[in-house]
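Below is my_file.txt, which holds compact mmCIF, C-alpha atoms.
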```txt
# COMPACT_ATOMS: atom_id res chain seq x y z
CA MET I 1 135.68 52.02 25.16
CA ASP I 2 132.81 52.52 27.65
CA LYS I 3 132.00 49.71 30.00
CA VAL I 4 128.61 48.14 29.34
CA ILE I 5 126.63 47.33 32.49
CA ASP I 6 124.29 44.41 32.20
CA ILE I 7 120.71 45.25 33.29
CA GLN I 8 120.64 42.03 35.23
CA ASP I 9 123.42 43.39 37.45
CA ARG I 10 121.37 46.52 38.27
CA ILE I 11 118.13 44.76 39.22
CA PRO I 12 119.11 43.92 42.83
CA SER I 13 120.16 47.52 43.48
CA MET I 14 116.93 48.89 42.01
CA ARG I 15 114.88 46.47 44.10
CA GLU I 16 116.70 47.54 47.28
CA LYS I 17 116.03 51.22 46.57
CA ARG I 18 112.36 50.49 45.89
CA ARG I 19 112.12 48.49 49.13
CA ARG I 20 113.70 51.30 51.20
CA LYS I 21 111.38 53.85 49.59
CA THR I 22 108.35 51.68 50.35
CA ASN I 23 109.50 51.22 53.95
CA LYS I 24 109.87 54.97 54.40
CA LYS I 25 106.35 55.55 53.13
CA PHE I 26 105.02 52.86 55.44
CA ILE I 27 106.87 54.29 58.47
CA PHE I 28 105.59 57.78 57.65
CA ILE I 29 101.99 56.57 57.32
CA LEU I 30 102.33 54.55 60.52
CA ALA I 31 103.76 57.57 62.39
CA VAL I 32 100.91 59.82 61.20
CA PHE I 33 98.40 57.17 62.25
CA CYS I 34 100.01 56.77 65.69
CA ILE I 35 100.12 60.54 66.26
CA ALA I 36 96.48 60.87 65.22
CA LEU I 37 95.59 58.00 67.53
CA LEU I 38 97.48 59.59 70.43
CA PHE I 39 95.69 62.91 69.86
CA LEU I 40 92.36 61.11 69.78
CA LEU I 41 93.13 59.22 72.98
CA TYR I 42 94.40 62.45 74.63
CA PHE I 43 91.26 64.44 73.89
CA GLN I 44 89.13 61.55 75.14
CA SER I 45 91.13 61.21 78.36
CA PRO I 46 90.98 63.24 81.61
CA LEU I 47 94.37 64.75 80.72
CA SER I 48 92.67 67.08 78.22
CA LYS I 49 90.24 68.33 80.87
CA ILE I 50 90.91 71.30 83.19
CA GLY I 51 91.95 69.93 86.56
CA THR I 52 92.44 72.98 88.78
CA VAL I 53 92.04 76.70 88.16
CA HIS I 54 94.48 78.69 90.30
CA VAL I 55 93.86 82.39 91.02
CA LYS I 56 96.65 84.75 92.11
CA GLY I 57 96.26 88.30 93.37
CA ALA I 58 92.59 88.17 94.39
CA GLU I 59 91.82 90.44 97.35
CA LEU I 60 88.91 92.67 96.40
CA GLN I 61 86.90 89.71 95.14
CA ASP I 62 86.66 86.03 95.99
CA GLU I 63 88.75 83.64 93.85
CA ASN I 64 85.62 81.80 92.72
CA PHE I 65 84.19 85.08 91.44
CA TYR I 66 87.12 85.56 89.06
CA ILE I 67 86.92 81.93 87.92
CA GLN I 68 83.23 82.29 87.14
CA GLU I 69 83.68 85.59 85.30
CA SER I 70 86.52 84.18 83.20
CA GLY I 71 84.19 81.56 81.72
CA ILE I 72 86.71 78.80 82.51
CA GLU I 73 85.13 75.69 84.03
CA THR I 74 86.78 72.86 85.93
CA ASN I 75 86.55 69.62 83.91
CA GLY I 76 86.01 71.68 80.77
CA SER I 77 88.30 71.26 77.79
CA LEU I 78 91.81 72.62 78.40
CA TRP I 79 91.87 73.74 74.78
CA GLY I 80 88.21 74.69 74.50
CA PHE I 81 88.60 78.31 75.62
CA LYS I 82 90.52 81.30 74.28
CA MET I 83 92.88 82.90 76.75
CA ASP I 84 92.56 86.39 75.22
CA GLU I 85 88.76 86.28 75.53
CA ALA I 86 89.00 85.20 79.18
CA GLU I 87 91.50 88.00 79.89
CA HIS I 88 89.24 90.55 78.19
CA SER I 89 86.29 89.49 80.36
CA LEU I 90 88.37 89.80 83.52
CA ARG I 91 89.79 93.23 82.63
CA LYS I 92 86.24 94.63 82.36
CA LEU I 93 85.51 93.78 85.99
CA GLU I 94 85.32 96.48 88.64
CA GLY I 95 88.58 96.80 90.53
CA VAL I 96 90.71 94.87 88.00
CA LYS I 97 93.74 96.67 86.57
CA GLN I 98 95.25 93.78 84.61
CA ALA I 99 94.55 90.08 84.04
CA LYS I 100 96.62 87.23 82.62
CA VAL I 101 95.41 83.69 81.87
CA SER I 102 97.81 80.83 81.13
CA ARG I 103 97.78 77.04 80.88
CA LYS I 104 100.00 75.35 83.45
CA TRP I 105 101.54 71.88 83.51
CA PHE I 106 99.41 69.16 81.96
CA HIS I 107 95.85 70.25 82.72
CA ASP I 108 95.80 73.28 85.05
CA VAL I 109 94.95 76.92 84.38
CA GLU I 110 96.31 79.96 86.20
CA ILE I 111 94.51 83.31 86.43
CA SER I 112 96.77 86.15 87.56
CA ILE I 113 94.84 89.24 88.67
CA THR I 114 96.32 92.69 89.29
CA GLU I 115 93.81 94.83 91.17
CA TRP I 116 93.81 98.59 91.58
CA LYS I 117 95.46 99.49 94.87
CA THR I 118 93.13 100.26 97.77
CA VAL I 119 93.83 103.76 99.12
CA ALA I 120 91.06 104.55 101.61
CA TYR I 121 87.54 103.92 102.80
CA LEU I 122 85.21 106.51 101.28
CA GLU I 123 82.53 107.64 103.69
CA LYS I 124 79.23 109.04 102.38
CA LYS I 125 76.25 109.56 104.65
CA GLY I 126 77.39 106.85 107.03
CA GLN I 127 78.00 104.34 104.25
CA TYR I 128 81.48 103.10 103.43
CA SER I 129 82.99 101.95 100.16
CA ILE I 130 86.58 101.28 99.14
CA LEU I 131 88.37 104.00 97.21
CA LEU I 132 90.82 102.68 94.64
CA GLU I 133 93.91 104.39 93.24
CA ASN I 134 92.09 105.08 89.94
CA GLY I 135 89.62 107.27 91.85
CA LYS I 136 86.70 104.85 91.65
CA ALA I 137 84.70 103.59 94.60
CA PHE I 138 84.49 99.82 94.98
CA HIS I 139 81.66 98.19 96.91
CA ALA I 140 82.80 95.00 98.62
CA GLY I 141 81.30 93.95 101.94
CA THR I 142 83.87 91.27 102.86
CA VAL I 143 87.06 93.24 102.20
CA LYS I 144 88.55 95.08 105.19
CA PRO I 145 91.86 96.68 104.17
CA ASP I 146 93.99 98.58 106.66
CA VAL I 147 93.56 102.03 105.11
CA PRO I 148 92.34 105.41 106.43
CA ILE I 149 88.82 106.81 106.10
CA LEU I 150 88.27 109.66 103.63
CA SER I 151 85.28 111.83 104.54
CA ASN I 152 83.36 114.74 103.04
CA VAL I 153 84.68 114.05 99.51
CA ASP I 154 81.95 113.97 96.85
CA ASP I 155 83.91 115.04 93.79
CA VAL I 156 85.89 112.48 91.76
CA GLU I 157 88.61 114.93 90.76
CA LEU I 158 89.02 116.02 94.38
CA ALA I 159 89.35 112.38 95.41
CA LYS I 160 92.02 111.82 92.73
CA ARG I 161 94.04 114.80 93.98
CA ILE I 162 94.04 113.45 97.52
CA ILE I 163 94.83 109.92 96.29
CA LYS I 164 97.81 111.22 94.32
CA GLN I 165 99.25 112.74 97.49
CA MET I 166 98.55 109.63 99.56
CA LEU I 167 100.35 107.41 97.05
CA LYS I 168 103.40 109.71 97.17
CA MET I 169 103.45 109.65 100.95
CA ASP I 170 105.91 107.51 102.90
CA LYS I 171 104.19 104.21 103.68
CA ASN I 172 105.18 104.29 107.35
CA VAL I 173 103.46 107.67 107.70
CA SER I 174 100.34 106.82 105.70
CA GLN I 175 99.77 103.78 107.91
CA LEU I 176 99.47 106.12 110.90
CA ILE I 177 96.52 108.00 109.38
CA SER I 178 93.12 107.12 110.81
CA GLU I 179 90.87 109.57 108.95
CA ILE I 180 91.19 112.39 106.43
CA ILE I 181 88.39 114.95 106.36
CA TYR I 182 88.07 117.43 103.54
CA ALA I 183 87.47 120.81 105.16
CA GLY I 184 87.84 123.06 102.12
CA ASP I 185 85.67 126.08 101.44
CA GLU I 186 85.63 129.03 99.04
CA VAL I 187 88.41 130.79 100.97
CA ASP I 188 90.64 127.71 101.36
CA PRO I 189 89.57 124.97 98.90
CA ASP I 190 92.51 122.67 99.71
CA SER I 191 92.15 122.37 103.49
CA LEU I 192 92.33 118.93 105.15
CA VAL I 193 91.92 117.80 108.75
CA ILE I 194 93.73 114.54 109.48
CA TYR I 195 93.31 112.35 112.55
CA MET I 196 96.30 110.15 113.40
CA ASP I 197 96.35 106.80 115.20
CA ASP I 198 98.79 108.16 117.78
CA GLY I 199 96.34 110.85 118.92
CA TYR I 200 97.47 113.95 117.02
CA GLU I 201 95.32 116.09 114.74
CA VAL I 202 96.98 117.47 111.61
CA HIS I 203 95.86 120.41 109.49
CA ALA I 204 97.30 120.35 105.97
CA GLU I 205 96.80 121.44 102.36
CA ILE I 206 96.26 119.00 99.49
CA PRO I 207 99.12 120.17 97.19
CA SER I 208 101.78 119.81 99.91
CA LEU I 209 100.26 116.91 101.85
CA ALA I 210 102.82 114.20 100.98
CA GLU I 211 105.80 116.54 101.32
CA LYS I 212 104.74 117.90 104.71
CA MET I 213 103.59 114.58 106.16
CA ASP I 214 107.00 112.99 105.50
CA TYR I 215 108.25 115.15 108.39
CA TYR I 216 105.53 113.90 110.73
CA PRO I 217 107.67 111.34 112.63
CA GLU I 218 110.37 113.96 113.31
CA ILE I 219 107.80 116.51 114.47
CA THR I 220 106.10 114.11 116.88
CA ALA I 221 109.49 113.02 118.19
CA GLN I 222 110.11 116.64 119.26
CA LEU I 223 106.71 116.70 120.96
CA SER I 224 107.31 113.51 122.92
CA GLY I 225 106.28 113.96 126.54
CA TYR I 226 103.96 116.86 125.81
CA GLU I 227 100.18 116.90 125.69
CA LYS I 228 98.72 115.76 122.37
CA GLY I 229 97.32 118.47 120.14
CA ILE I 230 97.03 119.98 116.66
CA ILE I 231 99.96 120.05 114.23
CA ASP I 232 99.25 122.77 111.69
CA MET I 233 101.18 122.22 108.44
CA GLU I 234 99.18 124.58 106.25
CA VAL I 235 101.64 127.49 106.44
CA GLY I 236 104.85 126.64 108.26
CA THR I 237 104.54 124.09 111.06
CA PHE I 238 102.82 124.98 114.33
CA PHE I 239 101.72 122.96 117.33
CA THR I 240 98.82 123.73 119.66
CA PRO I 241 97.90 121.44 122.59
CA PHE I 242 94.28 120.33 122.64
CA SER I 243 93.73 122.13 125.96
CA GLU I 244 94.66 125.42 124.27
CA ALA I 245 93.10 124.74 120.88
CA TYR I 246 89.71 124.13 122.37
CA GLY I 247 90.10 126.69 125.16
CA THR I 248 92.52 129.60 125.54
CA GLY I 249 96.26 129.67 125.17
CA LYS I 250 99.13 130.58 122.90
CA GLU I 251 100.27 128.65 119.85
CA GLY I 252 103.72 127.10 119.88
CA GLU I 253 105.81 127.01 116.70
CA VAL I 254 107.78 123.92 115.79
CA ASP I 255 111.29 124.61 114.50
CA GLU I 256 111.08 123.56 110.85
CA GLU I 257 114.86 123.55 110.46
CA GLU I 258 115.12 120.77 113.04
CA THR I 259 112.66 118.67 111.09
CA GLU I 260 114.43 118.90 107.76
```

Can you give me the file's structure in the form of structure tokens?
Amino acid sequence: MDKVIDIQDRIPSMREKRRRKTNKKFIFILAVFCIALLFLLYFQSPLSKIGTVHVKGAELQDENFYIQESGIETNGSLWGFKMDEAEHSLRKLEGVKQAKVSRKWFHDVEISITEWKTVAYLEKKGQYSILLENGKAFHAGTVKPDVPILSNVDDVELAKRIIKQMLKMDKNVSQLISEIIYAGDEVDPDSLVIYMDDGYEVHAEIPSLAEKMDYYPEITAQLSGYEKGIIDMEVGTFFTPFSEAYGTGKEGEVDEEETE
């Protein structure tokens, strides 16, 4: 025989379940209200405003220039700008290779700029601009990088060929270069004349420039104590003192095997 449960016995249990359910609804509504209130207070407080905009990697341009071009304003809303739009604006700028914008800490913004590497000063009719690794000239009056001068180069593709060799060159050697002059003609379209900081003059060809110049320190070490002069790396490696090159005398050949 089944046990019969009196409804009166179940009423307290039903009331307790109803009370717990009502309390849960109340707590949920209260939590939503509190969260909404916190969001409202946050967006009305200084915490939601941009405090400081940090810029990393700026050399070709002033930091304030990048901040202005990004469209991000100090004291503006931290959430009122789109990072991808700011990055797109920065990537369009002259000299910029890559740009990354991110929100930092509670109310700061960081702009990370990767600029095209500066390879040389490009000289044209006495005017100087900065030549970047992408082959483009950059006009910036305040930037003074420690790079050589590239003269007599009017063709973009020619500039890119020389840049490619300079980027392959050992850094310790490239830092010794003062000026590179394109001396090519119809007979020898790849000829270069290079002036070094230590007083030597180098004659080289564009295709083998990086390869030959890597031997430069060893060659000059062999010439230590002698008069400065011309190191011809176009075909083989030859040395001619300035007194003979610009007067009369006999060329001296540098032993290539000793430099390898």

Between CA of Phe33 (chain I) and CA of Phe81 (chain I) - distance in Å to one decimal: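 Computed distance, CA of Phe81 (chain I) to CA of Phe33 (chain I), equals 26.9 Å.
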
Each residue of region 165-246 of chain I lying at most 12 Å from region 98-121 of chain I should get a row with its shortest atom-to-atom pair and the distance in Å to one decimal, counting only C-alpha atoms; could you produce that, ordered by chain and increasing number, as JSON lines?
```
{"residue": "I:Gln165", "atom": "CA", "partner": "I:Val119", "partner_atom": "CA", "distance": 10.6}
{"residue": "I:Met166", "atom": "CA", "partner": "I:Val119", "partner_atom": "CA", "distance": 7.5}
{"residue": "I:Leu167", "atom": "CA", "partner": "I:Val119", "partner_atom": "CA", "distance": 7.8}
{"residue": "I:Lys168", "atom": "CA", "partner": "I:Val119", "partner_atom": "CA", "distance": 11.4}
{"residue": "I:Met169", "atom": "CA", "partner": "I:Val119", "partner_atom": "CA", "distance": 11.4}
{"residue": "I:Lys171", "atom": "CA", "partner": "I:Val119", "partner_atom": "CA", "distance": 11.3}
{"residue": "I:Ser174", "atom": "CA", "partner": "I:Val119", "partner_atom": "CA", "distance": 9.7}
{"residue": "I:Gln175", "atom": "CA", "partner": "I:Val119", "partner_atom": "CA", "distance": 10.6}
{"residue": "I:Ile177", "atom": "CA", "partner": "I:Ala120", "partner_atom": "CA", "distance": 10.1}
{"residue": "I:Ser178", "atom": "CA", "partner": "I:Ala120", "partner_atom": "CA", "distance": 9.8}
{"residue": "I:Glu179", "atom": "CA", "partner": "I:Ala120", "partner_atom": "CA", "distance": 8.9}
{"residue": "I:Ile180", "atom": "CA", "partner": "I:Ala120", "partner_atom": "CA", "distance": 9.2}
{"residue": "I:Ile181", "atom": "CA", "partner": "I:Tyr121", "partner_atom": "CA", "distance": 11.6}
```

Shortest contact to Phe242 (chain I), candidates I:Ile149, I:Lys24, I:Tyr200, I:Gly135, atoms counted all atoms listed in the file, goes to I:Tyr200

Straight-line distance linking CA of Asp62 (chain I) with CA of Pro145 (chain I), stated in Å to one decimal: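 Computing the Euclidean distance for CA of Asp62 (chain I) and CA of Pro145 (chain I) yields 14.4 Å.
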
Interatomic distance, CA of Leu223 (chain I) to CA of Phe239 (chain I) (Å, one decimal):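 So the two atoms, CA of Leu223 (chain I) and CA of Phe239 (chain I), lie 8.8 Å apart.
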
Selected residue, from I:Lys228, I:His88, I:Lys164, I:Lys212, that lies nearest to Met196 (chain I) when counting only C-alpha atoms: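 Ranking I:Lys228, I:His88, I:Lys164, I:Lys212 by distance to Met196 (chain I), first place goes to I:Lys228.
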
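Every residue within 9 Å of the file position (89.0, 94.8, 94.2), judged by only C-alpha atoms, is given as Ala58, Glu59, Leu60, Gln61, Leu93, Glu94, Gly95, Val96, Glu115, Trp116, Lys117, Thr118, Ile130, Leu132, Phe138, His139, Ala140 and Val143 of chain I.
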
Name the closest residue to Trp79 (chain I) among the candidates I:Lys49, I:Lys97, I:Lys160, I:Lys92; distances are taken between atoms, counting all atoms listed in the file.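 Comparing I:Lys49, I:Lys97, I:Lys160, I:Lys92 against Trp79 (chain I), the winner is I:Lys49.
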